[in-house]
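Written below as structure tokens is the structure these notes are about.
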Amino acid sequence: MSTKETIRNKVWERLETEKAARFPFPVKGRIPNFKGAEATAEFVTYLDAYLQAKVIKVNPDSPQLPLRAQVLKDGKTLLIPTPRLKAGFIQVNPDDVPKGEERKAASLKHMNAYGHEIPLQDMPTIDLIVVGSVAIHQDGRRLGKGEGYADREYAIIRELDNPSVPVVTTIHSLQLVEDDFPRDPYDVTVDYIATEQEMITVENPYEKPSGILWEEVTSEQKEEMPVLQDIWDLKYSNE
């Protein structure tokens, strides 16, 4: 069994060697942007889960920008986690975005100008979750860049009593791996994999987390990520 970090490094190197990566560089240490990201976004829009969704959470990384813009073009509400979850989630309502400005509104630089931070108690029900990835196994196991934010975001959403909903990732086909790697209880797995070539429906045998594993959360993490303290106060402070 390979270590998670070994696989991450292999995929980052593969993307650069095959010249499939694109700005920002270097790709190592980040959710890598890749050539064909627009095609992956289009594949997602054909999913029934996408067509039926009213509220979609999409990660803030570069390769998912085309999909974030498309969510707004399609008249759906977009939720974007703030970087490192410092300020929770930004909600961008399509009615607040002038036609033609969807890509700008969905960008990390401008999302605050078009959207607004929402208190946890006002979070809408999310119908579809999109995550970025460094590597994906065809059975749905996922590797991010190693800091755990996508897993934490999913756990927060579930902690707020959001029902379990489909999870999709958009990646370059070079990010698909056959290597076996460990899966931790807090790791989120995916149900759909969109590459620049196809949409893959995953036969996912893994149970997703139903909330935050509080025994894994330190007081320092609550300080660094105030949303964790907010959830604790909202749900458990009176117990």
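For the structure tokens, the naming scheme is as follows: chains receive sequential letters (A, B, ...) according to their order of presentation, residues are indexed from 1 within each chain, and ligands are indexed from 1 in presentation order.
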Closest pair table for range 98-177 of chain A residues within 7 Å of range 19-38 of chain A, only C-alpha atoms, as a Markdown table:
```
| residue | atom | partner | partner_atom | distance |
| --- | --- | --- | --- | --- |
| A:Gly132 | CA | A:Ile31 | CA | 6.3 |
| A:Ser133 | CA | A:Ile31 | CA | 5.8 |
| A:Val134 | CA | A:Ile31 | CA | 5.6 |
| A:Gly144 | CA | A:Ile31 | CA | 6.8 |
| A:Lys145 | CA | A:Arg30 | CA | 5.6 |
| A:His172 | CA | A:Phe34 | CA | 6.4 |
```
Could you give me, as a list in words, each residue of range 81-172 of chain A that DSSP assigns to strand (DSSP E) when run on this structure's backbone? Pro81, Phe89, Ile90, Gln91, Val92, His116, Glu117, Leu128, Ile129, Val130, Val131, Ala135, Ile136, His137, Arg142, Leu143, Val167, Val168, Thr169 and Thr170 of chain A
May I have the residues within 9 Å of Ser164 in chain A as a PyMOL selection string, using only C-alpha atoms and disregarding those fewer than 3 positions away in the same chain? chain A and resi 127+158+161+208+210
Put those residues in a file: N, CA, C and O atoms, as a PDB file, in the first residue's frame.
```
ATOM      1  N   ASP A 127     -27.605  20.700  -2.058  1.00  0.00           N
ATOM      2  CA  ASP A 127     -28.096  19.560  -2.840  1.00  0.00           C
ATOM      3  C   ASP A 127     -26.992  18.773  -3.534  1.00  0.00           C
ATOM      4  O   ASP A 127     -27.196  17.617  -3.908  1.00  0.00           O
ATOM      5  N   ARG A 158     -22.561  18.320   7.211  1.00  0.00           N
ATOM      6  CA  ARG A 158     -23.350  17.232   7.806  1.00  0.00           C
ATOM      7  C   ARG A 158     -23.695  17.544   9.259  1.00  0.00           C
ATOM      8  O   ARG A 158     -24.784  17.223   9.737  1.00  0.00           O
ATOM      9  N   ASP A 161     -26.850  19.283   9.966  1.00  0.00           N
ATOM     10  CA  ASP A 161     -28.045  18.488   9.652  1.00  0.00           C
ATOM     11  C   ASP A 161     -28.411  18.494   8.170  1.00  0.00           C
ATOM     12  O   ASP A 161     -29.561  18.216   7.809  1.00  0.00           O
ATOM     13  N   LYS A 208     -19.671   7.670   4.181  1.00  0.00           N
ATOM     14  CA  LYS A 208     -19.129   9.008   4.386  1.00  0.00           C
ATOM     15  C   LYS A 208     -19.301   9.428   5.843  1.00  0.00           C
ATOM     16  O   LYS A 208     -20.192   8.947   6.537  1.00  0.00           O
ATOM     17  N   SER A 210     -20.557  11.360   9.054  1.00  0.00           N
ATOM     18  CA  SER A 210     -21.873  11.939   9.346  1.00  0.00           C
ATOM     19  C   SER A 210     -21.751  13.245  10.123  1.00  0.00           C
ATOM     20  O   SER A 210     -22.756  13.869  10.464  1.00  0.00           O
TER      21      SER A 210
END
```
Ala194 in chain A: which residues within 9 Å, counting only C-alpha atoms, same-chain residues fewer than 2 positions away excluded, as an MDAnalysis selection string? chainID A and resid 39:44 168:173 192 196:201
Which residues, written as an mmCIF file with N, CA, C and O atoms, in the first residue's frame, have at least one atom at most 12 Å from Gln229 in chain A, with only C-alpha atoms counted and residues fewer than 4 positions away on the same chain left out?
```cif
data_model
loop_
_atom_site.group_PDB
_atom_site.id
_atom_site.type_symbol
_atom_site.label_atom_id
_atom_site.label_comp_id
_atom_site.auth_asym_id
_atom_site.auth_seq_id
_atom_site.Cartn_x
_atom_site.Cartn_y
_atom_site.Cartn_z
ATOM 1 N N LEU A 85 -11.145 28.014 5.482
ATOM 2 C CA LEU A 85 -12.370 28.104 6.293
ATOM 3 C C LEU A 85 -12.275 29.163 7.394
ATOM 4 O O LEU A 85 -12.883 29.035 8.444
ATOM 5 N N LYS A 86 -11.523 30.213 7.113
ATOM 6 C CA LYS A 86 -11.334 31.266 8.114
ATOM 7 C C LYS A 86 -12.643 31.978 8.430
ATOM 8 O O LYS A 86 -12.865 32.442 9.550
ATOM 9 N N ALA A 87 -13.513 32.098 7.412
ATOM 10 C CA ALA A 87 -14.760 32.844 7.615
ATOM 11 C C ALA A 87 -15.973 32.027 7.181
ATOM 12 O O ALA A 87 -16.985 32.584 6.771
ATOM 13 N N GLY A 88 -15.885 30.724 7.261
ATOM 14 C CA GLY A 88 -17.041 29.902 6.930
ATOM 15 C C GLY A 88 -17.313 29.856 5.433
ATOM 16 O O GLY A 88 -16.416 29.584 4.633
ATOM 17 N N LEU A 120 -23.918 30.270 10.270
ATOM 18 C CA LEU A 120 -24.166 28.828 10.173
ATOM 19 C C LEU A 120 -25.649 28.494 10.285
ATOM 20 O O LEU A 120 -26.159 27.614 9.595
ATOM 21 N N ILE A 156 -18.653 19.632 8.401
ATOM 22 C CA ILE A 156 -19.406 20.785 8.901
ATOM 23 C C ILE A 156 -20.811 20.801 8.315
ATOM 24 O O ILE A 156 -21.799 21.020 9.020
ATOM 25 N N ILE A 212 -18.547 15.957 12.360
ATOM 26 C CA ILE A 212 -17.165 16.211 12.781
ATOM 27 C C ILE A 212 -16.733 15.175 13.824
ATOM 28 O O ILE A 212 -17.489 14.862 14.744
ATOM 29 N N TRP A 214 -15.085 15.061 16.717
ATOM 30 C CA TRP A 214 -14.625 16.099 17.641
ATOM 31 C C TRP A 214 -13.392 15.676 18.422
ATOM 32 O O TRP A 214 -12.600 16.532 18.851
ATOM 33 N N VAL A 217 -10.378 17.201 16.934
ATOM 34 C CA VAL A 217 -10.298 18.661 16.842
ATOM 35 C C VAL A 217 -9.624 19.220 18.089
ATOM 36 O O VAL A 217 -10.067 18.969 19.211
ATOM 37 N N THR A 218 -8.582 20.000 17.900
ATOM 38 C CA THR A 218 -7.861 20.600 19.026
ATOM 39 C C THR A 218 -8.375 22.015 19.281
ATOM 40 O O THR A 218 -9.021 22.629 18.420
ATOM 41 N N SER A 219 -8.063 22.540 20.441
ATOM 42 C CA SER A 219 -8.441 23.915 20.756
ATOM 43 C C SER A 219 -7.741 24.890 19.818
ATOM 44 O O SER A 219 -8.304 25.934 19.451
ATOM 45 N N GLU A 220 -6.526 24.545 19.391
ATOM 46 C CA GLU A 220 -5.811 25.406 18.438
ATOM 47 C C GLU A 220 -6.542 25.455 17.103
ATOM 48 O O GLU A 220 -6.636 26.517 16.474
ATOM 49 N N GLN A 221 -7.087 24.317 16.671
ATOM 50 C CA GLN A 221 -7.834 24.297 15.415
ATOM 51 C C GLN A 221 -9.111 25.120 15.517
ATOM 52 O O GLN A 221 -9.518 25.772 14.547
ATOM 53 N N LYS A 222 -9.740 25.107 16.674
ATOM 54 C CA LYS A 222 -10.937 25.926 16.858
ATOM 55 C C LYS A 222 -10.593 27.407 16.775
ATOM 56 O O LYS A 222 -11.396 28.221 16.293
ATOM 57 N N GLU A 223 -9.400 27.779 17.221
ATOM 58 C CA GLU A 223 -8.970 29.169 17.125
ATOM 59 C C GLU A 223 -8.638 29.535 15.681
ATOM 60 O O GLU A 223 -8.986 30.622 15.201
ATOM 61 N N GLU A 224 -7.958 28.626 14.981
ATOM 62 C CA GLU A 224 -7.574 28.885 13.597
ATOM 63 C C GLU A 224 -8.779 28.881 12.669
ATOM 64 O O GLU A 224 -8.789 29.570 11.645
ATOM 65 N N MET A 225 -9.788 28.094 12.998
ATOM 66 C CA MET A 225 -10.971 27.917 12.167
ATOM 67 C C MET A 225 -12.204 28.203 13.028
ATOM 68 O O MET A 225 -12.849 27.283 13.530
ATOM 69 N N ASP A 233 -20.547 25.704 19.732
ATOM 70 C CA ASP A 233 -21.415 26.544 20.551
ATOM 71 C C ASP A 233 -22.880 26.390 20.151
ATOM 72 O O ASP A 233 -23.773 26.370 21.003
ATOM 73 N N LEU A 234 -23.099 26.260 18.859
ATOM 74 C CA LEU A 234 -24.472 26.162 18.354
ATOM 75 C C LEU A 234 -25.138 24.863 18.757
ATOM 76 O O LEU A 234 -26.328 24.833 19.092
ATOM 77 N N LYS A 235 -24.367 23.779 18.780
ATOM 78 C CA LYS A 235 -24.978 22.456 18.960
ATOM 79 C C LYS A 235 -24.720 21.809 20.319
ATOM 80 O O LYS A 235 -25.529 21.012 20.783
ATOM 81 N N TYR A 236 -23.581 22.112 20.920
ATOM 82 C CA TYR A 236 -23.181 21.285 22.071
ATOM 83 C C TYR A 236 -22.891 22.064 23.350
ATOM 84 O O TYR A 236 -22.641 21.446 24.384
ATOM 85 N N SER A 237 -22.907 23.369 23.306
ATOM 86 C CA SER A 237 -22.484 24.146 24.474
ATOM 87 C C SER A 237 -23.417 23.950 25.672
ATOM 88 O O SER A 237 -23.006 24.137 26.820
#
```
If you count only C-alpha atoms, the residue of A:Lys57, A:Lys4, A:Lys109, A:Lys73 closest to Glu147 in chain A turns out to be A:Lys4
Need to verify the contact set: Arg68 in chain A, 7 Å, only C-alpha atoms, exclusion of same-chain residues closer than 4 positions in sequence. Can you return it as number ranges by chain? A: 58, 64, 72, 106
Tell me which protein, DNA and RNA residues are within 10 Å of range 95-97 of chain A, counting only C-alpha atoms, leaving out same-chain ones fewer than 2 positions away, and put them as an mmCIF file with N, CA, C and O atoms, in the first residue's frame.
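Contents of selection.cif, as written:
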```cif
data_model
loop_
_atom_site.group_PDB
_atom_site.id
_atom_site.type_symbol
_atom_site.label_atom_id
_atom_site.label_comp_id
_atom_site.auth_asym_id
_atom_site.auth_seq_id
_atom_site.Cartn_x
_atom_site.Cartn_y
_atom_site.Cartn_z
ATOM 1 N N LEU A 72 -23.786 29.580 -11.478
ATOM 2 C CA LEU A 72 -24.486 30.866 -11.470
ATOM 3 C C LEU A 72 -25.220 31.111 -12.783
ATOM 4 O O LEU A 72 -26.346 31.621 -12.793
ATOM 5 N N LYS A 73 -24.595 30.750 -13.905
ATOM 6 C CA LYS A 73 -25.255 30.902 -15.202
ATOM 7 C C LYS A 73 -26.546 30.097 -15.261
ATOM 8 O O LYS A 73 -27.517 30.497 -15.913
ATOM 9 N N GLY A 75 -28.554 29.614 -12.878
ATOM 10 C CA GLY A 75 -29.543 30.121 -11.935
ATOM 11 C C GLY A 75 -29.586 29.392 -10.614
ATOM 12 O O GLY A 75 -30.602 29.415 -9.916
ATOM 13 N N LYS A 76 -28.469 28.779 -10.251
ATOM 14 C CA LYS A 76 -28.404 28.050 -8.985
ATOM 15 C C LYS A 76 -27.611 28.857 -7.958
ATOM 16 O O LYS A 76 -26.749 29.654 -8.310
ATOM 17 N N THR A 77 -27.910 28.634 -6.693
ATOM 18 C CA THR A 77 -27.191 29.302 -5.613
ATOM 19 C C THR A 77 -25.851 28.613 -5.392
ATOM 20 O O THR A 77 -25.778 27.390 -5.321
ATOM 21 N N VAL A 92 -23.382 33.047 -2.931
ATOM 22 C CA VAL A 92 -23.586 33.922 -4.072
ATOM 23 C C VAL A 92 -24.916 33.538 -4.719
ATOM 24 O O VAL A 92 -25.077 32.410 -5.197
ATOM 25 N N ASN A 93 -25.846 34.472 -4.705
ATOM 26 C CA ASN A 93 -27.157 34.233 -5.305
ATOM 27 C C ASN A 93 -27.133 34.662 -6.770
ATOM 28 O O ASN A 93 -26.645 35.756 -7.090
ATOM 29 N N LYS A 99 -25.723 39.485 -15.804
ATOM 30 C CA LYS A 99 -25.396 38.547 -16.877
ATOM 31 C C LYS A 99 -24.039 38.895 -17.478
ATOM 32 O O LYS A 99 -23.739 40.062 -17.743
ATOM 33 N N GLY A 100 -23.210 37.892 -17.653
ATOM 34 C CA GLY A 100 -21.878 38.095 -18.203
ATOM 35 C C GLY A 100 -20.793 38.244 -17.149
ATOM 36 O O GLY A 100 -19.605 38.237 -17.488
ATOM 37 N N GLU A 101 -21.196 38.374 -15.885
ATOM 38 C CA GLU A 101 -20.221 38.544 -14.817
ATOM 39 C C GLU A 101 -20.105 37.309 -13.925
ATOM 40 O O GLU A 101 -19.523 37.381 -12.840
ATOM 41 N N GLU A 102 -20.648 36.193 -14.399
ATOM 42 C CA GLU A 102 -20.674 34.991 -13.562
ATOM 43 C C GLU A 102 -19.273 34.485 -13.209
ATOM 44 O O GLU A 102 -19.029 34.080 -12.064
ATOM 45 N N ARG A 103 -18.369 34.516 -14.162
ATOM 46 C CA ARG A 103 -17.010 34.018 -13.877
ATOM 47 C C ARG A 103 -16.318 34.924 -12.862
ATOM 48 O O ARG A 103 -15.637 34.435 -11.951
ATOM 49 N N LYS A 104 -16.509 36.207 -13.002
ATOM 50 C CA LYS A 104 -15.925 37.146 -12.039
ATOM 51 C C LYS A 104 -16.513 36.920 -10.651
ATOM 52 O O LYS A 104 -15.792 36.872 -9.648
ATOM 53 N N ALA A 105 -17.837 36.768 -10.592
ATOM 54 C CA ALA A 105 -18.504 36.575 -9.303
ATOM 55 C C ALA A 105 -18.087 35.281 -8.626
ATOM 56 O O ALA A 105 -18.106 35.176 -7.394
ATOM 57 N N ALA A 106 -17.712 34.283 -9.436
ATOM 58 C CA ALA A 106 -17.338 32.970 -8.899
ATOM 59 C C ALA A 106 -15.863 32.882 -8.557
ATOM 60 O O ALA A 106 -15.409 31.858 -8.045
ATOM 61 N N ALA A 113 -17.558 40.418 -3.229
ATOM 62 C CA ALA A 113 -18.249 41.594 -3.758
ATOM 63 C C ALA A 113 -19.641 41.239 -4.269
ATOM 64 O O ALA A 113 -20.542 42.085 -4.275
ATOM 65 N N TYR A 114 -19.815 39.994 -4.702
ATOM 66 C CA TYR A 114 -21.104 39.558 -5.240
ATOM 67 C C TYR A 114 -21.915 38.745 -4.228
ATOM 68 O O TYR A 114 -23.140 38.661 -4.328
ATOM 69 N N GLY A 115 -21.222 38.129 -3.297
ATOM 70 C CA GLY A 115 -21.889 37.280 -2.311
ATOM 71 C C GLY A 115 -21.710 37.822 -0.915
ATOM 72 O O GLY A 115 -21.224 38.935 -0.708
#
```
